[in-house]
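Here's the structure, in C-alpha cells; my notes come after.
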Amino acid sequence: MPSLSPYDAVLLLSFGGPEKPEDVVPFLRNVTAGRGIPDERLAEVGEHYYHFGGRSPINDQNKALLAALQADLAGRGVDTPVVWGNRNWDPFLTDTLRELHASGARRVLTLVTSAYGSYSGCRQYRENIAASLAALAAEGRELEVDKVRAYFNHPGFVAANVEAVAAAYERLGDGDGGGDSEGDAAGDGRRRPRPAAPLVFVTHSIPTPMEVGSGVETAASYSAQHLDVAGLVAKEVGERLGRPVPWELAYCSRSGTAVTPWLEPDVSRTLTALHADGAEAAVVAPIGFISDHMEVIYDLDVEARETADELGLRMERAATVGTAPEFVAGLADLLLERAASVRGDAPERVAVGALGPWRDVCRPGCCRLRAGVDSGVPAACQDDAPADTRAAV
C-alpha cells in the first residue's frame with residue numbers, strides 16, 4: 001500500500017487572501033510587512049479586491065484543492081491528515097502547525113501552491129516556515145517540516161495545462177480564427193488550414209534581480225522554467241490541432257516603483273502587438289498559476305479582456321489547473337515520492353522537458369531575492385538551514 005510514512009501530516013501552504021472588504025488593508029499589511037507602505041497606498045492597491053467585493057477567490061480554491069487531494073490520497077488507501085495554512089491570512093501557518101503539533105504530529109510534509117522556483121515562489125515560503133518553527137520552538141513545540149520539490153515540469157501539471165489550452169482552442173473554433181481554411185495563397189487551387197491563433201502564456205512578473213537570483217544553484221531561472229513548460233504544452237496542443245501553434249511568454253501583475261526593472265513583456269502589450277501583426281484571435285493561458293486567484297481574474301479576465309475587446313481581438317482564456325484530476329493525482333504522486341525518498345526507497349523522480357526534476361532539498365543560496373546577497377533571514381527546508389529552525393523529529 002502507498003504510504004506517507006515517516007510524515008504524520010501534509011500541509012497545503014498558500015498565500016492567503018481577504019474574505020471581506022474590511023480584511024483587505026490588514027491582509028495587504030501582512031503581505032507588505034517591513035516595507036513601510038502607508039495604509040493609503042495599500043487601499044489603492046486593494047482596488048483589485050474591492051472590484052470583486054473585497055473577497056479573494058483563493059481561499060475557496062484552496063479548500064477545493066484540499067478536498068480533492070484528500071480524496072485522491074484516500075482512494076489510494078492513504079489516511080495521513082491533510083491540512084491547510086496560509087502565509088498572509090487565516091488560517092495562518094504558525095496556527096496550523098501549532099494545531100498539528102497538538103494533534104500529535106512531529107514531522108510534516110509541505111506542498112506549496114506555487115509550481116515554480118523563485119524567491120516569492122519558494123524561498124519566501126521557506127522563510128515563513130523557519131519563522132513559524134522558531135516561534136513554536138520557543139513554546140516548547142518541536143516539529144520538523146519538509147517541502148515537496150517544485151513541480152512545474154511534473155507530468156500531472158503539464159498534462160492538465162495541455163487539456164486546458166486545448167479546450168480553449170476548441171471554444172475559439174479550433175484555433176483557426178473563425179474558419180477552417182484560407183484562400184488559394186499559393187495560386188495552385190488548393191485551400192490550406194489557417195494557422196492556429198497565437199498562444200500567449202502568462203505568469204506573474206518578478207523583478208529582474210529576483211529572476212537572476214532564481215537561477216543561482218538551480219537548473220534554470222524562473223523565466224527559463226516557464227519557457228520549458230510553455231514549449232511542452234504548445235507542442236502537444238499543436239499536435240492535437242494538426243498545425244503548429246505560435247506562442248510566447250508574457251507577464252502580468254507588475255508592481256513596485258518604476259526604478260526596478262521587472263520581467264516583460266506585459267500581457268496587454270503582447271496582445272496589442274499580436275493584433276498589429278495580423279492576429280484576429282488569441283488564446284491566453286495562465287501557466288504561472290495553479291488556480292484562478294486575483295492575478296488571473298483581474299489582470300487577465302478584466303484588464304487583458306478589455307484590451308482585447310478594444311482591439312477587436314477574439315480572446316479565449318484557458319483555465320488554470322485548479323482541481324483537474326491529472327494535476328491532483330500528480331500532487332499526490334509527488335507527496336508519495338518524497339516520502340519514499342526519505343525512507344530510502346529510491347523512487348523514480350519523474351519530470352518532463354529539458355530541465356529534469358528539481359532537488360528535494362534546496363541548495364545554499366537557492367532562490368534568493370537577488371543573486372549574491374544573503375538577506376540574513378533563516379529559511380527552512382534547505383541543507384544550510386540553521387539548527388534552530390530544524391526542530392528534532
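By convention here, the chains of the C-alpha cells are called A, B, ... in the order presented, each chain's residues are numbered starting at 1, and ligands are numbered starting at 1 in the order presented.
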Contacts of A:Tyr116 at 12 Å (only C-alpha atoms; same-chain gap of 5+ positions) as a PyMOL selection string: chain A and resi 121-123+148-154+157+203-204+211+214-215+218-229+287-290+357-358+367
Please identify all polymer residues within 12 Å of A:Val342, counting only C-alpha atoms, omitting same-chain residues fewer than 5 positions from it, and present them as a PDB file with N, CA and C atoms, in the first residue's frame.
ATOM      1  N   SER A   3       2.311   4.787   1.062  1.00  0.00           N
ATOM      2  CA  SER A   3       2.468   5.300   2.417  1.00  0.00           C
ATOM      3  C   SER A   3       3.159   6.653   2.398  1.00  0.00           C
ATOM      4  N   LEU A   4       2.735   7.533   3.309  1.00  0.00           N
ATOM      5  CA  LEU A   4       3.414   8.807   3.508  1.00  0.00           C
ATOM      6  C   LEU A   4       4.322   8.767   4.731  1.00  0.00           C
ATOM      7  N   SER A   5       4.529   7.600   5.297  1.00  0.00           N
ATOM      8  CA  SER A   5       5.487   7.453   6.391  1.00  0.00           C
ATOM      9  C   SER A   5       6.872   7.895   5.902  1.00  0.00           C
ATOM     10  N   PRO A   6       7.633   8.655   6.675  1.00  0.00           N
ATOM     11  CA  PRO A   6       7.523   8.946   8.108  1.00  0.00           C
ATOM     12  C   PRO A   6       6.749  10.224   8.450  1.00  0.00           C
ATOM     13  N   TYR A   7       6.007  10.759   7.498  1.00  0.00           N
ATOM     14  CA  TYR A   7       5.300  12.005   7.773  1.00  0.00           C
ATOM     15  C   TYR A   7       3.993  11.736   8.512  1.00  0.00           C
ATOM     16  N   ARG A 107       6.389  15.350  12.323  1.00  0.00           N
ATOM     17  CA  ARG A 107       7.061  15.568  11.040  1.00  0.00           C
ATOM     18  C   ARG A 107       6.011  15.829   9.974  1.00  0.00           C
ATOM     19  N   LEU A 109       5.033  17.215   5.922  1.00  0.00           N
ATOM     20  CA  LEU A 109       5.441  17.423   4.535  1.00  0.00           C
ATOM     21  C   LEU A 109       4.586  18.533   3.945  1.00  0.00           C
ATOM     22  N   ASP A 146       9.357  19.440   6.015  1.00  0.00           N
ATOM     23  CA  ASP A 146       9.981  19.323   4.701  1.00  0.00           C
ATOM     24  C   ASP A 146       9.043  19.903   3.650  1.00  0.00           C
ATOM     25  N   LYS A 147       9.580  20.158   2.459  1.00  0.00           N
ATOM     26  CA  LYS A 147       8.796  20.764   1.381  1.00  0.00           C
ATOM     27  C   LYS A 147       8.950  19.929   0.110  1.00  0.00           C
ATOM     28  N   VAL A 148       7.837  19.694  -0.567  1.00  0.00           N
ATOM     29  CA  VAL A 148       7.851  18.989  -1.851  1.00  0.00           C
ATOM     30  C   VAL A 148       8.566  19.851  -2.894  1.00  0.00           C
ATOM     31  N   LEU A 335       3.892  13.781  -3.304  1.00  0.00           N
ATOM     32  CA  LEU A 335       3.925  13.529  -1.862  1.00  0.00           C
ATOM     33  C   LEU A 335       4.459  12.128  -1.568  1.00  0.00           C
ATOM     34  N   LEU A 336       3.938  11.154  -2.285  1.00  0.00           N
ATOM     35  CA  LEU A 336       4.370   9.770  -2.074  1.00  0.00           C
ATOM     36  C   LEU A 336       5.829   9.579  -2.476  1.00  0.00           C
ATOM     37  N   GLU A 337       6.229  10.263  -3.540  1.00  0.00           N
ATOM     38  CA  GLU A 337       7.621  10.191  -3.996  1.00  0.00           C
ATOM     39  C   GLU A 337       8.570  10.706  -2.916  1.00  0.00           C
ATOM     40  N   PRO A 347      12.609   6.112  -5.154  1.00  0.00           N
ATOM     41  CA  PRO A 347      11.552   6.106  -6.168  1.00  0.00           C
ATOM     42  C   PRO A 347      11.990   6.817  -7.445  1.00  0.00           C
ATOM     43  N   ASP A 360      14.971  17.863  -4.039  1.00  0.00           N
ATOM     44  CA  ASP A 360      14.069  17.769  -2.893  1.00  0.00           C
ATOM     45  C   ASP A 360      14.434  18.784  -1.817  1.00  0.00           C
ATOM     46  N   VAL A 361      15.731  18.949  -1.601  1.00  0.00           N
ATOM     47  CA  VAL A 361      16.216  19.872  -0.574  1.00  0.00           C
ATOM     48  C   VAL A 361      17.011  20.970  -1.263  1.00  0.00           C
TER      49      VAL A 361
END
Spatial neighbours of A:Glu295, 8 Å, only C-alpha atoms, chain gap at least 5 places, as a PyMOL selection string: chain A and resi 204+252-253+300
Selection above as a file: all heavy atoms, as a PDB file, in the first residue's frame:
ATOM      1  N   HIS A 204       3.157  35.509 -13.415  1.00  0.00           N
ATOM      2  CA  HIS A 204       3.365  36.699 -12.588  1.00  0.00           C
ATOM      3  C   HIS A 204       4.768  37.249 -12.852  1.00  0.00           C
ATOM      4  O   HIS A 204       5.752  36.522 -12.778  1.00  0.00           O
ATOM      5  CB  HIS A 204       3.227  36.311 -11.115  1.00  0.00           C
ATOM      6  CG  HIS A 204       2.920  37.453 -10.200  1.00  0.00           C
ATOM      7  ND1 HIS A 204       3.730  38.567 -10.099  1.00  0.00           N
ATOM      8  CD2 HIS A 204       1.888  37.664  -9.345  1.00  0.00           C
ATOM      9  CE1 HIS A 204       3.214  39.406  -9.212  1.00  0.00           C
ATOM     10  NE2 HIS A 204       2.092  38.885  -8.746  1.00  0.00           N
ATOM     11  N   CYS A 252       2.255  39.417 -16.053  1.00  0.00           N
ATOM     12  CA  CYS A 252       1.211  40.277 -15.500  1.00  0.00           C
ATOM     13  C   CYS A 252       1.576  40.653 -14.074  1.00  0.00           C
ATOM     14  O   CYS A 252       2.557  40.160 -13.519  1.00  0.00           O
ATOM     15  CB  CYS A 252      -0.151  39.585 -15.545  1.00  0.00           C
ATOM     16  SG  CYS A 252      -0.307  38.163 -14.424  1.00  0.00           S
ATOM     17  N   SER A 253       0.785  41.544 -13.492  1.00  0.00           N
ATOM     18  CA  SER A 253       0.863  41.889 -12.065  1.00  0.00           C
ATOM     19  C   SER A 253       2.161  42.558 -11.655  1.00  0.00           C
ATOM     20  O   SER A 253       2.624  42.397 -10.527  1.00  0.00           O
ATOM     21  CB  SER A 253       0.646  40.639 -11.195  1.00  0.00           C
ATOM     22  OG  SER A 253      -0.572  40.027 -11.487  1.00  0.00           O
ATOM     23  N   LEU A 300      -6.164  39.221 -16.111  1.00  0.00           N
ATOM     24  CA  LEU A 300      -6.493  38.595 -17.393  1.00  0.00           C
ATOM     25  C   LEU A 300      -7.960  38.762 -17.763  1.00  0.00           C
ATOM     26  O   LEU A 300      -8.285  39.191 -18.876  1.00  0.00           O
ATOM     27  CB  LEU A 300      -6.122  37.106 -17.363  1.00  0.00           C
ATOM     28  CG  LEU A 300      -4.647  36.785 -17.090  1.00  0.00           C
ATOM     29  CD1 LEU A 300      -4.402  35.296 -17.254  1.00  0.00           C
ATOM     30  CD2 LEU A 300      -3.731  37.590 -17.988  1.00  0.00           C
TER      31      LEU A 300
END
Every residue of stretch 64-103 of chain A that DSSP places in strand (DSSP E), as an MDAnalysis selection string: chainID A and resid 82:86
Please give the complete set of residues from stretch 227-296 of chain A that DSSP, run on the backbone, assigns to alpha helix (DSSP H), formatted as a tab-separated table (two decimals) with all heavy atoms, in the first residue's frame.
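File written: result33.tsv
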chain	number	residue	atom	x	y	z
A	227	LEU	N	9.46	28.88	-19.80
A	227	LEU	CA	9.67	28.65	-21.22
A	227	LEU	C	9.72	27.16	-21.54
A	227	LEU	O	9.22	26.72	-22.58
A	227	LEU	CB	10.95	29.34	-21.69
A	227	LEU	CG	10.90	30.87	-21.72
A	227	LEU	CD1	12.30	31.44	-21.93
A	227	LEU	CD2	9.96	31.36	-22.80
A	228	ASP	N	10.31	26.38	-20.65
A	228	ASP	CA	10.39	24.94	-20.86
A	228	ASP	C	8.98	24.33	-20.85
A	228	ASP	O	8.64	23.52	-21.73
A	228	ASP	CB	11.25	24.30	-19.78
A	228	ASP	CG	11.64	22.87	-20.11
A	228	ASP	OD1	12.11	22.63	-21.24
A	228	ASP	OD2	11.48	22.00	-19.25
A	229	VAL	N	8.16	24.73	-19.86
A	229	VAL	CA	6.80	24.20	-19.79
A	229	VAL	C	5.97	24.68	-20.99
A	229	VAL	O	5.22	23.90	-21.59
A	229	VAL	CB	6.12	24.66	-18.48
A	229	VAL	CG1	4.66	24.25	-18.46
A	229	VAL	CG2	6.84	24.06	-17.28
A	230	ALA	N	6.11	25.95	-21.33
A	230	ALA	CA	5.33	26.50	-22.44
A	230	ALA	C	5.61	25.74	-23.74
A	230	ALA	O	4.69	25.43	-24.51
A	230	ALA	CB	5.66	27.98	-22.61
A	231	GLY	N	6.87	25.43	-23.98
A	231	GLY	CA	7.21	24.69	-25.19
A	231	GLY	C	6.57	23.32	-25.22
A	231	GLY	O	6.08	22.87	-26.27
A	232	LEU	N	6.54	22.64	-24.07
A	232	LEU	CA	5.91	21.33	-24.00
A	232	LEU	C	4.42	21.41	-24.28
A	232	LEU	O	3.87	20.61	-25.06
A	232	LEU	CB	6.12	20.74	-22.60
A	232	LEU	CG	7.54	20.35	-22.20
A	232	LEU	CD1	7.59	20.02	-20.71
A	232	LEU	CD2	8.03	19.17	-23.02
A	233	VAL	N	3.76	22.37	-23.65
A	233	VAL	CA	2.31	22.50	-23.81
A	233	VAL	C	1.96	22.88	-25.24
A	233	VAL	O	1.05	22.29	-25.86
A	233	VAL	CB	1.75	23.54	-22.81
A	233	VAL	CG1	0.26	23.78	-23.07
A	233	VAL	CG2	1.96	23.07	-21.37
A	234	ALA	N	2.66	23.86	-25.80
A	234	ALA	CA	2.37	24.30	-27.16
A	234	ALA	C	2.58	23.18	-28.17
A	234	ALA	O	1.81	23.02	-29.12
A	234	ALA	CB	3.24	25.51	-27.52
A	235	LYS	N	3.62	22.38	-27.98
A	235	LYS	CA	3.89	21.28	-28.91
A	235	LYS	C	2.76	20.26	-28.87
A	235	LYS	O	2.27	19.82	-29.93
A	235	LYS	CB	5.22	20.62	-28.54
A	235	LYS	CG	5.62	19.46	-29.46
A	235	LYS	CD	7.00	18.94	-29.08
A	235	LYS	CE	7.46	17.84	-30.04
A	235	LYS	NZ	6.61	16.64	-29.95
A	236	GLU	N	2.32	19.88	-27.67
A	236	GLU	CA	1.26	18.88	-27.55
A	236	GLU	C	-0.05	19.42	-28.10
A	236	GLU	O	-0.77	18.71	-28.81
A	236	GLU	CB	1.09	18.49	-26.08
A	236	GLU	CG	-0.06	17.54	-25.81
A	236	GLU	CD	0.12	16.18	-26.44
A	236	GLU	OE1	1.28	15.77	-26.68
A	236	GLU	OE2	-0.91	15.51	-26.71
A	237	VAL	N	-0.37	20.67	-27.82
A	237	VAL	CA	-1.61	21.26	-28.34
A	237	VAL	C	-1.55	21.34	-29.86
A	237	VAL	O	-2.54	21.04	-30.56
A	237	VAL	CB	-1.86	22.64	-27.72
A	237	VAL	CG1	-3.02	23.36	-28.42
A	237	VAL	CG2	-2.15	22.51	-26.22
A	238	GLY	N	-0.41	21.73	-30.40
A	238	GLY	CA	-0.26	21.79	-31.85
A	238	GLY	C	-0.47	20.44	-32.50
A	238	GLY	O	-1.09	20.33	-33.57
A	239	GLU	N	0.01	19.37	-31.86
A	239	GLU	CA	-0.19	18.04	-32.40
A	239	GLU	C	-1.68	17.68	-32.40
A	239	GLU	O	-2.17	17.02	-33.33
A	239	GLU	CB	0.61	17.02	-31.59
A	239	GLU	CG	2.12	17.15	-31.80
A	239	GLU	CD	2.93	16.27	-30.89
A	239	GLU	OE1	2.32	15.61	-30.00
A	239	GLU	OE2	4.18	16.22	-31.04
A	240	ARG	N	-2.40	18.11	-31.38
A	240	ARG	CA	-3.83	17.83	-31.34
A	240	ARG	C	-4.58	18.61	-32.41
A	240	ARG	O	-5.54	18.10	-33.00
A	240	ARG	CB	-4.39	18.18	-29.97
A	240	ARG	CG	-3.89	17.29	-28.85
A	240	ARG	CD	-4.71	17.49	-27.60
A	240	ARG	NE	-4.20	16.73	-26.49
A	240	ARG	CZ	-4.85	16.57	-25.34
A	240	ARG	NH1	-6.04	17.13	-25.17
A	240	ARG	NH2	-4.32	15.87	-24.36
A	241	LEU	N	-4.15	19.85	-32.64
A	241	LEU	CA	-4.83	20.68	-33.65
A	241	LEU	C	-4.42	20.30	-35.07
A	241	LEU	O	-5.11	20.65	-36.03
A	241	LEU	CB	-4.51	22.16	-33.43
A	241	LEU	CG	-5.01	22.80	-32.14
A	241	LEU	CD1	-4.55	24.26	-32.07
A	241	LEU	CD2	-6.52	22.72	-32.05
A	267	VAL	N	1.23	41.35	-20.65
A	267	VAL	CA	0.29	40.59	-21.47
A	267	VAL	C	-0.54	41.49	-22.37
A	267	VAL	O	-0.78	41.15	-23.55
A	267	VAL	CB	-0.61	39.69	-20.59
A	267	VAL	CG1	-1.39	40.50	-19.57
A	267	VAL	CG2	-1.54	38.86	-21.44
A	268	SER	N	-0.98	42.64	-21.89
A	268	SER	CA	-1.80	43.51	-22.74
A	268	SER	C	-0.98	44.07	-23.90
A	268	SER	O	-1.49	44.18	-25.03
A	268	SER	CB	-2.39	44.65	-21.91
A	268	SER	OG	-3.39	44.16	-21.03
A	269	ARG	N	0.28	44.41	-23.64
A	269	ARG	CA	1.12	44.88	-24.75
A	269	ARG	C	1.38	43.76	-25.74
A	269	ARG	O	1.48	43.99	-26.95
A	269	ARG	CB	2.44	45.44	-24.21
A	269	ARG	CG	2.30	46.77	-23.49
A	269	ARG	CD	3.62	47.51	-23.42
A	269	ARG	NE	4.61	46.79	-22.64
A	269	ARG	CZ	4.75	46.89	-21.33
A	269	ARG	NH1	3.93	47.67	-20.64
A	269	ARG	NH2	5.68	46.21	-20.69
A	270	THR	N	1.48	42.55	-25.25
A	270	THR	CA	1.67	41.40	-26.13
A	270	THR	C	0.46	41.21	-27.04
A	270	THR	O	0.61	40.99	-28.26
A	270	THR	CB	1.92	40.13	-25.31
A	270	THR	OG1	3.12	40.29	-24.55
A	270	THR	CG2	2.05	38.91	-26.22
A	271	LEU	N	-0.73	41.29	-26.48
A	271	LEU	CA	-1.95	41.17	-27.30
A	271	LEU	C	-2.02	42.28	-28.34
A	271	LEU	O	-2.41	42.04	-29.50
A	271	LEU	CB	-3.18	41.20	-26.40
A	271	LEU	CG	-3.35	40.01	-25.44
A	271	LEU	CD1	-4.55	40.24	-24.53
A	271	LEU	CD2	-3.51	38.70	-26.22
A	272	THR	N	-1.64	43.49	-27.95
A	272	THR	CA	-1.65	44.61	-28.89
A	272	THR	C	-0.69	44.37	-30.04
A	272	THR	O	-1.02	44.61	-31.21
A	272	THR	CB	-1.29	45.91	-28.15
A	272	THR	OG1	-2.23	46.15	-27.10
A	272	THR	CG2	-1.29	47.10	-29.10
A	273	ALA	N	0.50	43.85	-29.73
A	273	ALA	CA	1.50	43.58	-30.76
A	273	ALA	C	1.04	42.46	-31.69
A	273	ALA	O	1.22	42.54	-32.92
A	273	ALA	CB	2.83	43.22	-30.11
A	274	LEU	N	0.42	41.43	-31.15
A	274	LEU	CA	-0.08	40.33	-31.98
A	274	LEU	C	-1.17	40.82	-32.93
A	274	LEU	O	-1.21	40.43	-34.10
A	274	LEU	CB	-0.61	39.20	-31.09
A	274	LEU	CG	0.44	38.40	-30.33
A	274	LEU	CD1	-0.23	37.45	-29.35
A	274	LEU	CD2	1.34	37.62	-31.29
A	275	HIS	N	-2.05	41.66	-32.42
A	275	HIS	CA	-3.11	42.21	-33.26
A	275	HIS	C	-2.52	43.06	-34.38
A	275	HIS	O	-2.97	42.98	-35.54
A	275	HIS	CB	-4.07	43.03	-32.41
A	275	HIS	CG	-5.21	43.62	-33.20
A	275	HIS	ND1	-5.21	44.93	-33.65
A	275	HIS	CD2	-6.37	43.07	-33.63
A	275	HIS	CE1	-6.33	45.15	-34.30
A	275	HIS	NE2	-7.05	44.06	-34.30
A	276	ALA	N	-1.49	43.85	-34.04
A	276	ALA	CA	-0.84	44.67	-35.06
A	276	ALA	C	-0.18	43.82	-36.13
A	276	ALA	O	-0.06	44.24	-37.29
A	276	ALA	CB	0.19	45.59	-34.40
A	294	MET	N	-6.53	36.27	-7.72
A	294	MET	CA	-6.72	37.65	-8.14
A	294	MET	C	-5.94	38.04	-9.39
A	294	MET	O	-6.44	38.76	-10.25
A	294	MET	CB	-6.38	38.59	-6.98
A	294	MET	CG	-6.83	40.03	-7.19
A	294	MET	SD	-8.61	40.18	-7.54
A	294	MET	CE	-9.31	39.57	-6.00
A	295	GLU	N	-4.68	37.58	-9.49
A	295	GLU	CA	-3.88	37.96	-10.65
A	295	GLU	C	-4.45	37.40	-11.94
A	295	GLU	O	-4.17	37.91	-13.02
A	295	GLU	CB	-2.43	37.48	-10.47
A	295	GLU	CG	-1.62	38.28	-9.49
A	295	GLU	CD	-1.88	37.90	-8.05
A	295	GLU	OE1	-2.72	37.00	-7.80
A	295	GLU	OE2	-1.26	38.50	-7.16
A	296	VAL	N	-5.24	36.36	-11.85
A	296	VAL	CA	-5.87	35.79	-13.05
A	296	VAL	C	-7.18	36.49	-13.35
A	296	VAL	O	-7.41	36.97	-14.46
A	296	VAL	CB	-6.08	34.27	-12.88
A	296	VAL	CG1	-6.82	33.70	-14.08
A	296	VAL	CG2	-4.74	33.55	-12.70
Surrounding residues of A:Phe327 excluding itself and chain neighbours under 5 positions, 12 Å, only C-alpha atoms, as a list in words: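 Listed by chain and then number, they are Leu65, Ala68, Leu69, Asp72, Thr113, Ala115, Tyr151, Phe152, Asn153, His154, Pro155, Gly156, Phe157, Val158, Ala159, Ala160, Asn161, Val162, Glu163, Ala164, Ile290, Ser291, Thr320, Val321, Gly322, Ala332, Asp333 and Leu334 of chain A.
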Point-to-point distance in Å for atom CA of A:Val82 and atom CA of A:Glu22: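 Computing it gives 29.6 Å between the two atoms.
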Residue nearest A:His51 among A:Gln124, A:Leu97, A:Tyr298, A:Arg359 (counting only C-alpha atoms): A:Tyr298
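Among the candidate residues A:Ala304, A:Val31, A:Arg317, A:Pro244, the one lying nearest to A:Leu172 is A:Arg317, with distances computed using only C-alpha atoms.
Near A:Asp309, within a cut-off of 12 Å and counting only C-alpha atoms, sit the residues A:Ser268, A:Leu271, A:Thr272, A:His275, A:Glu280, A:Ala281, A:Ala282, A:Asp301, A:Val302, A:Glu303, A:Ala304, A:Arg305, A:Glu306, A:Thr307, A:Leu311, A:Gly312, A:Leu313, A:Arg314, A:Met315, A:Glu316, with same-chain residues fewer than 2 positions away left out.
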Residues from last step as file, N, CA, C and O atoms, as a PDB file, in the first residue's frame:
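Produced file out26.pdb, reproduced below:
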ATOM      1  N   SER A 268      -0.978  42.637 -21.891  1.00  0.00           N
ATOM      2  CA  SER A 268      -1.795  43.512 -22.736  1.00  0.00           C
ATOM      3  C   SER A 268      -0.985  44.074 -23.897  1.00  0.00           C
ATOM      4  O   SER A 268      -1.489  44.178 -25.026  1.00  0.00           O
ATOM      5  N   LEU A 271      -0.735  41.293 -26.484  1.00  0.00           N
ATOM      6  CA  LEU A 271      -1.946  41.168 -27.295  1.00  0.00           C
ATOM      7  C   LEU A 271      -2.019  42.278 -28.340  1.00  0.00           C
ATOM      8  O   LEU A 271      -2.414  42.043 -29.496  1.00  0.00           O
ATOM      9  N   THR A 272      -1.637  43.486 -27.953  1.00  0.00           N
ATOM     10  CA  THR A 272      -1.651  44.613 -28.889  1.00  0.00           C
ATOM     11  C   THR A 272      -0.687  44.367 -30.043  1.00  0.00           C
ATOM     12  O   THR A 272      -1.018  44.615 -31.214  1.00  0.00           O
ATOM     13  N   HIS A 275      -2.051  41.657 -32.419  1.00  0.00           N
ATOM     14  CA  HIS A 275      -3.113  42.207 -33.262  1.00  0.00           C
ATOM     15  C   HIS A 275      -2.522  43.059 -34.385  1.00  0.00           C
ATOM     16  O   HIS A 275      -2.968  42.984 -35.535  1.00  0.00           O
ATOM     17  N   GLU A 280      -6.220  37.725 -35.484  1.00  0.00           N
ATOM     18  CA  GLU A 280      -7.632  38.032 -35.270  1.00  0.00           C
ATOM     19  C   GLU A 280      -8.157  37.415 -33.980  1.00  0.00           C
ATOM     20  O   GLU A 280      -9.240  37.782 -33.511  1.00  0.00           O
ATOM     21  N   ALA A 281      -7.398  36.466 -33.426  1.00  0.00           N
ATOM     22  CA  ALA A 281      -7.811  35.770 -32.207  1.00  0.00           C
ATOM     23  C   ALA A 281      -6.563  35.305 -31.479  1.00  0.00           C
ATOM     24  O   ALA A 281      -5.475  35.195 -32.060  1.00  0.00           O
ATOM     25  N   ALA A 282      -6.733  35.030 -30.187  1.00  0.00           N
ATOM     26  CA  ALA A 282      -5.608  34.545 -29.391  1.00  0.00           C
ATOM     27  C   ALA A 282      -6.136  33.755 -28.207  1.00  0.00           C
ATOM     28  O   ALA A 282      -7.242  33.998 -27.717  1.00  0.00           O
ATOM     29  N   ASP A 301      -8.860  38.410 -16.830  1.00  0.00           N
ATOM     30  CA  ASP A 301     -10.287  38.429 -17.165  1.00  0.00           C
ATOM     31  C   ASP A 301     -10.872  39.837 -17.206  1.00  0.00           C
ATOM     32  O   ASP A 301     -11.955  40.037 -17.770  1.00  0.00           O
ATOM     33  N   VAL A 302     -10.185  40.809 -16.604  1.00  0.00           N
ATOM     34  CA  VAL A 302     -10.658  42.198 -16.661  1.00  0.00           C
ATOM     35  C   VAL A 302      -9.755  43.023 -17.578  1.00  0.00           C
ATOM     36  O   VAL A 302     -10.165  43.476 -18.638  1.00  0.00           O
ATOM     37  N   GLU A 303      -8.507  43.225 -17.185  1.00  0.00           N
ATOM     38  CA  GLU A 303      -7.633  44.142 -17.927  1.00  0.00           C
ATOM     39  C   GLU A 303      -7.266  43.613 -19.315  1.00  0.00           C
ATOM     40  O   GLU A 303      -7.413  44.345 -20.315  1.00  0.00           O
ATOM     41  N   ALA A 304      -6.779  42.380 -19.404  1.00  0.00           N
ATOM     42  CA  ALA A 304      -6.420  41.854 -20.726  1.00  0.00           C
ATOM     43  C   ALA A 304      -7.652  41.706 -21.607  1.00  0.00           C
ATOM     44  O   ALA A 304      -7.597  41.948 -22.822  1.00  0.00           O
ATOM     45  N   ARG A 305      -8.775  41.332 -21.003  1.00  0.00           N
ATOM     46  CA  ARG A 305     -10.019  41.222 -21.767  1.00  0.00           C
ATOM     47  C   ARG A 305     -10.434  42.576 -22.329  1.00  0.00           C
ATOM     48  O   ARG A 305     -10.868  42.677 -23.483  1.00  0.00           O
ATOM     49  N   GLU A 306     -10.299  43.617 -21.527  1.00  0.00           N
ATOM     50  CA  GLU A 306     -10.635  44.962 -22.017  1.00  0.00           C
ATOM     51  C   GLU A 306      -9.739  45.350 -23.181  1.00  0.00           C
ATOM     52  O   GLU A 306     -10.203  45.929 -24.168  1.00  0.00           O
ATOM     53  N   THR A 307      -8.467  45.030 -23.092  1.00  0.00           N
ATOM     54  CA  THR A 307      -7.544  45.322 -24.195  1.00  0.00           C
ATOM     55  C   THR A 307      -7.956  44.585 -25.461  1.00  0.00           C
ATOM     56  O   THR A 307      -8.007  45.172 -26.553  1.00  0.00           O
ATOM     57  N   LEU A 311      -9.333  46.151 -29.076  1.00  0.00           N
ATOM     58  CA  LEU A 311      -8.645  45.858 -30.333  1.00  0.00           C
ATOM     59  C   LEU A 311      -9.541  45.138 -31.334  1.00  0.00           C
ATOM     60  O   LEU A 311      -9.232  45.102 -32.533  1.00  0.00           O
ATOM     61  N   GLY A 312     -10.633  44.553 -30.859  1.00  0.00           N
ATOM     62  CA  GLY A 312     -11.428  43.689 -31.715  1.00  0.00           C
ATOM     63  C   GLY A 312     -10.784  42.329 -31.896  1.00  0.00           C
ATOM     64  O   GLY A 312     -11.023  41.633 -32.896  1.00  0.00           O
ATOM     65  N   LEU A 313      -9.962  41.927 -30.913  1.00  0.00           N
ATOM     66  CA  LEU A 313      -9.259  40.639 -30.943  1.00  0.00           C
ATOM     67  C   LEU A 313     -10.058  39.614 -30.159  1.00  0.00           C
ATOM     68  O   LEU A 313     -10.350  39.814 -28.976  1.00  0.00           O
ATOM     69  N   ARG A 314     -10.436  38.525 -30.796  1.00  0.00           N
ATOM     70  CA  ARG A 314     -11.126  37.460 -30.080  1.00  0.00           C
ATOM     71  C   ARG A 314     -10.144  36.781 -29.142  1.00  0.00           C
ATOM     72  O   ARG A 314      -9.110  36.275 -29.572  1.00  0.00           O
ATOM     73  N   MET A 315     -10.489  36.764 -27.869  1.00  0.00           N
ATOM     74  CA  MET A 315      -9.573  36.190 -26.872  1.00  0.00           C
ATOM     75  C   MET A 315     -10.291  35.107 -26.087  1.00  0.00           C
ATOM     76  O   MET A 315     -11.392  35.317 -25.593  1.00  0.00           O
ATOM     77  N   GLU A 316      -9.647  33.967 -25.991  1.00  0.00           N
ATOM     78  CA  GLU A 316     -10.171  32.878 -25.165  1.00  0.00           C
ATOM     79  C   GLU A 316      -9.146  32.585 -24.084  1.00  0.00           C
ATOM     80  O   GLU A 316      -7.975  32.364 -24.375  1.00  0.00           O
TER      81      GLU A 316
END
12 Å contact set for A:Glu47, only C-alpha atoms, chain neighbours under 2 positions out, as a list in words: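 Neighbouring residues, sequence-local ones excluded: Pro21, Val24, Val25, Leu28, Glu40, Arg41, Leu42, Ala43, Glu44, Val45, Tyr49, Tyr50, His51, Phe52, Gly53, Gly54, Arg55, Ser56, Met294 and Tyr298 of chain A.
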Length of the atom CA of A:Ala135 to atom CA of A:Leu12 vector [Å]: 19.6 Å
